[in-house]
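Participant: PDB, C-alpha atoms and all ligand atoms, file entry-v9.pdb:
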```
ATOM      1  CA  MET U   8      26.780  75.224  64.441  1.00  0.00           C
ATOM      2  CA  THR U   9      23.362  76.867  64.225  1.00  0.00           C
ATOM      3  CA  CYS U  10      20.597  76.330  66.787  1.00  0.00           C
ATOM      4  CA  SER U  11      18.361  73.363  65.942  1.00  0.00           C
ATOM      5  CA  HIS U  12      15.301  75.505  66.842  1.00  0.00           C
ATOM      6  CA  HIS U  13      16.218  78.038  64.167  1.00  0.00           C
ATOM      7  CA  PRO U  14      13.718  76.838  61.515  1.00  0.00           C
ATOM      8  CA  THR U  15      10.739  77.352  63.843  1.00  0.00           C
ATOM      9  CA  CYS U  16      11.899  80.160  66.145  1.00  0.00           C
ATOM     10  CA  PRO U  17      10.035  83.425  65.477  1.00  0.00           C
ATOM     11  CA  LEU U  18      12.831  85.487  66.977  1.00  0.00           C
ATOM     12  CA  ALA U  19      15.392  83.910  64.655  1.00  0.00           C
ATOM     13  CA  ARG U  20      13.354  85.165  61.712  1.00  0.00           C
ATOM     14  CA  LEU U  21      13.147  88.603  63.308  1.00  0.00           C
ATOM     15  CA  PHE U  22      16.899  88.690  63.973  1.00  0.00           C
ATOM     16  CA  SER U  23      17.839  87.717  60.447  1.00  0.00           C
ATOM     17  CA  GLY U  24      15.347  90.129  58.887  1.00  0.00           C
ATOM     18  CA  LYS U  25      16.767  93.276  60.462  1.00  0.00           C
ATOM     19  CA  PRO U  26      20.456  94.163  60.278  1.00  0.00           C
ATOM     20  CA  SER U  27      20.232  96.048  63.578  1.00  0.00           C
ATOM     21  CA  LEU U  28      19.105  92.843  65.317  1.00  0.00           C
ATOM     22  CA  ARG U  29      21.740  90.632  63.706  1.00  0.00           C
ATOM     23  CA  VAL U  30      23.881  90.883  66.846  1.00  0.00           C
ATOM     24  CA  TRP U  31      21.384  88.629  68.651  1.00  0.00           C
ATOM     25  CA  ALA U  32      21.832  85.918  66.043  1.00  0.00           C
ATOM     26  CA  GLU U  33      25.593  86.261  66.262  1.00  0.00           C
ATOM     27  CA  ARG U  34      25.533  86.076  70.064  1.00  0.00           C
ATOM     28  CA  TYR U  35      23.141  83.160  70.351  1.00  0.00           C
ATOM     29  CA  CYS U  36      21.632  81.486  67.269  1.00  0.00           C
ATOM     30  CA  ASP U  37      24.814  81.000  65.256  1.00  0.00           C
ATOM     31  CA  ASP U  38      26.965  79.380  67.916  1.00  0.00           C
ATOM     32  CA  ARG U  39      26.029  79.884  71.588  1.00  0.00           C
ATOM     33  CA  PHE U  40      22.459  78.609  71.452  1.00  0.00           C
ATOM     34  CA  GLN U  41      23.042  76.539  74.605  1.00  0.00           C
ATOM     35  CA  ALA U  42      23.102  79.875  76.467  1.00  0.00           C
ATOM     36  CA  CYS U  43      19.756  80.986  74.989  1.00  0.00           C
ATOM     37  CA  ALA U  44      16.830  81.141  77.430  1.00  0.00           C
ATOM     38  CA  ARG U  45      14.418  80.220  74.623  1.00  0.00           C
ATOM     39  CA  TYR U  46      16.450  77.184  73.639  1.00  0.00           C
ATOM     40  CA  SER U  47      16.734  76.060  77.277  1.00  0.00           C
ATOM     41  CA  ALA U  48      13.007  76.472  77.906  1.00  0.00           C
ATOM     42  CA  GLY U  49      12.268  74.439  74.797  1.00  0.00           C
ATOM     43  CA  LEU U  50      14.568  71.648  75.949  1.00  0.00           C
ATOM     44  CA  ARG U  51      12.715  71.557  79.279  1.00  0.00           C
ATOM     45  CA  GLY U  52       9.467  71.061  77.364  1.00  0.00           C
ATOM     46  CA  GLU U  53       8.090  74.453  78.395  1.00  0.00           C
ATOM     47  CA  VAL U  54       5.945  76.614  76.159  1.00  0.00           C
ATOM     48  CA  VAL U  55       8.327  79.334  75.030  1.00  0.00           C
ATOM     49  CA  PRO U  56       6.646  82.731  75.332  1.00  0.00           C
ATOM     50  CA  GLY U  57       6.935  85.004  72.322  1.00  0.00           C
ATOM     51  CA  TRP U  58       8.278  87.806  74.488  1.00  0.00           C
ATOM     52  CA  LEU U  59      11.251  85.833  75.867  1.00  0.00           C
ATOM     53  CA  LEU U  60      14.602  87.088  74.594  1.00  0.00           C
ATOM     54  CA  PRO U  61      17.678  84.827  74.406  1.00  0.00           C
ATOM     55  CA  ASN U  62      19.173  86.595  77.434  1.00  0.00           C
ATOM     56  CA  GLY U  63      16.088  85.793  79.546  1.00  0.00           C
ATOM     57  CA  ARG U  64      14.672  89.300  79.511  1.00  0.00           C
ATOM     58  CA  SER U  65      11.266  90.290  78.225  1.00  0.00           C
ATOM     59  CA  LEU U  66      10.860  91.828  74.791  1.00  0.00           C
ATOM     60  CA  GLU U  67       8.290  94.293  76.174  1.00  0.00           C
ATOM     61  CA  ALA U  68      10.054  95.131  79.417  1.00  0.00           C
ATOM     62  CA  PRO U  69      11.493  98.624  79.631  1.00  0.00           C
ATOM     63  CA  PRO U  70      15.256  98.796  80.117  1.00  0.00           C
ATOM     64  CA  PRO U  71      16.352  99.025  83.768  1.00  0.00           C
ATOM     65  CA  GLU U  72      17.479 102.643  83.250  1.00  0.00           C
ATOM     66  CA  ALA U  73      13.908 103.623  82.366  1.00  0.00           C
ATOM     67  CA  LEU U  74      12.621 102.069  85.592  1.00  0.00           C
ATOM     68  CA  ILE U  75      15.196 103.984  87.624  1.00  0.00           C
ATOM     69  CA  ARG U  76      14.227 107.272  85.955  1.00  0.00           C
ATOM     70  CA  ARG U  77      10.511 106.588  86.574  1.00  0.00           C
ATOM     71  CA  SER U  78      10.986 105.942  90.265  1.00  0.00           C
ATOM     72  CA  ALA U  79      13.209 108.998  90.789  1.00  0.00           C
TER
HETATM   73  S1  LIG G 101      19.315  80.440  69.841  1.00  0.00           S
HETATM   74 FE1  LIG G 101      17.378  81.024  70.793  1.00  0.00          FE
HETATM   75  S2  LIG G 101      16.623  82.759  69.601  1.00  0.00           S
HETATM   76 FE2  LIG G 101      18.158  81.692  68.367  1.00  0.00          FE
HETATM   77  S3  LIG G 101      17.039  80.212  67.111  1.00  0.00           S
HETATM   78 FE3  LIG G 101      17.680  79.172  68.978  1.00  0.00          FE
HETATM   79  S4  LIG G 101      15.938  79.334  70.360  1.00  0.00           S
HETATM   80 FE4  LIG G 101      15.663  80.906  68.758  1.00  0.00          FE
END
```
Could you spell out this file's structure in structure tokens?
Facilitator:
Amino acid sequence: MTCSHHPTCPLARLFSGKPSLRVWAERYCDDRFQACARYSAGLRGEVVPGWLLPNGRSLEAPPPEALIRRSA
């Protein structure tokens, strides 16, 4: 079952438009949407920030490895 937020979710459009991002849709939108941070925030009535990824991380945030390299 697909996420009920799919028709209005900007990230869902992004995920389905790029084959390299399809894995996000497979991991969350197509079946495990209950685990999606965006879906959960929406259910709580929160404004869902555009930068919030399904795994709860920020779209703009550098990967943890980059932070480790910067501080070394
Ligand atoms: S699972 Fe998350 S990313 Fe996918 S459509 Fe639903 S709210 Fe958007």
Participant: Take the PyMOL selection byres (((not hetatm)) within 6 of (chain G and resi 101)), apply it to the structure above, and return the hits as a VMD selection string.
Facilitator: chain U and resid 10 12 to 13 16 18 to 19 35 to 36 40 43 45 to 46 61
Participant: Just how far from CA of Asp38 in chain U is CA of Pro56 in chain U, in Å to one decimal?
Facilitator: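 That distance, rounded to one decimal, is 21.9 Å.
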Participant: Counting all atoms listed in the file, which residues have an atom no more than 12 Å from (14.7, 90.6, 75.2) in the file's coordinates? Please list them as a list of chain:residue names.
Facilitator: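 So the residues meeting the distance criterion are U:Leu18, U:Phe22, U:Leu28, U:Trp31, U:Cys43, U:Ala44, U:Arg45, U:Pro56, U:Gly57, U:Trp58, U:Leu59, U:Leu60, U:Pro61, U:Asn62, U:Gly63, U:Arg64, U:Ser65, U:Leu66, U:Glu67, U:Ala68, U:Pro69, U:Pro70.
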Participant: Here is a test: counting all atoms listed in the file, which residue of U:Leu21, U:Glu53, U:Pro26, U:Ser11 is nearest to Gln41 in chain U?
Facilitator: U:Ser11
Participant: Using CA of Pro17 in chain U and CA of Ser47 in chain U as the two end points, give the distance in Å to one decimal.
Facilitator: 15.4 Å
Participant: Mind giving me the straight-line distance from CA of Val55 in chain U to CA of Thr15 in chain U in Å, one decimal?
Facilitator: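 Taking CA of Val55 in chain U and CA of Thr15 in chain U, their separation equals 11.6 Å.
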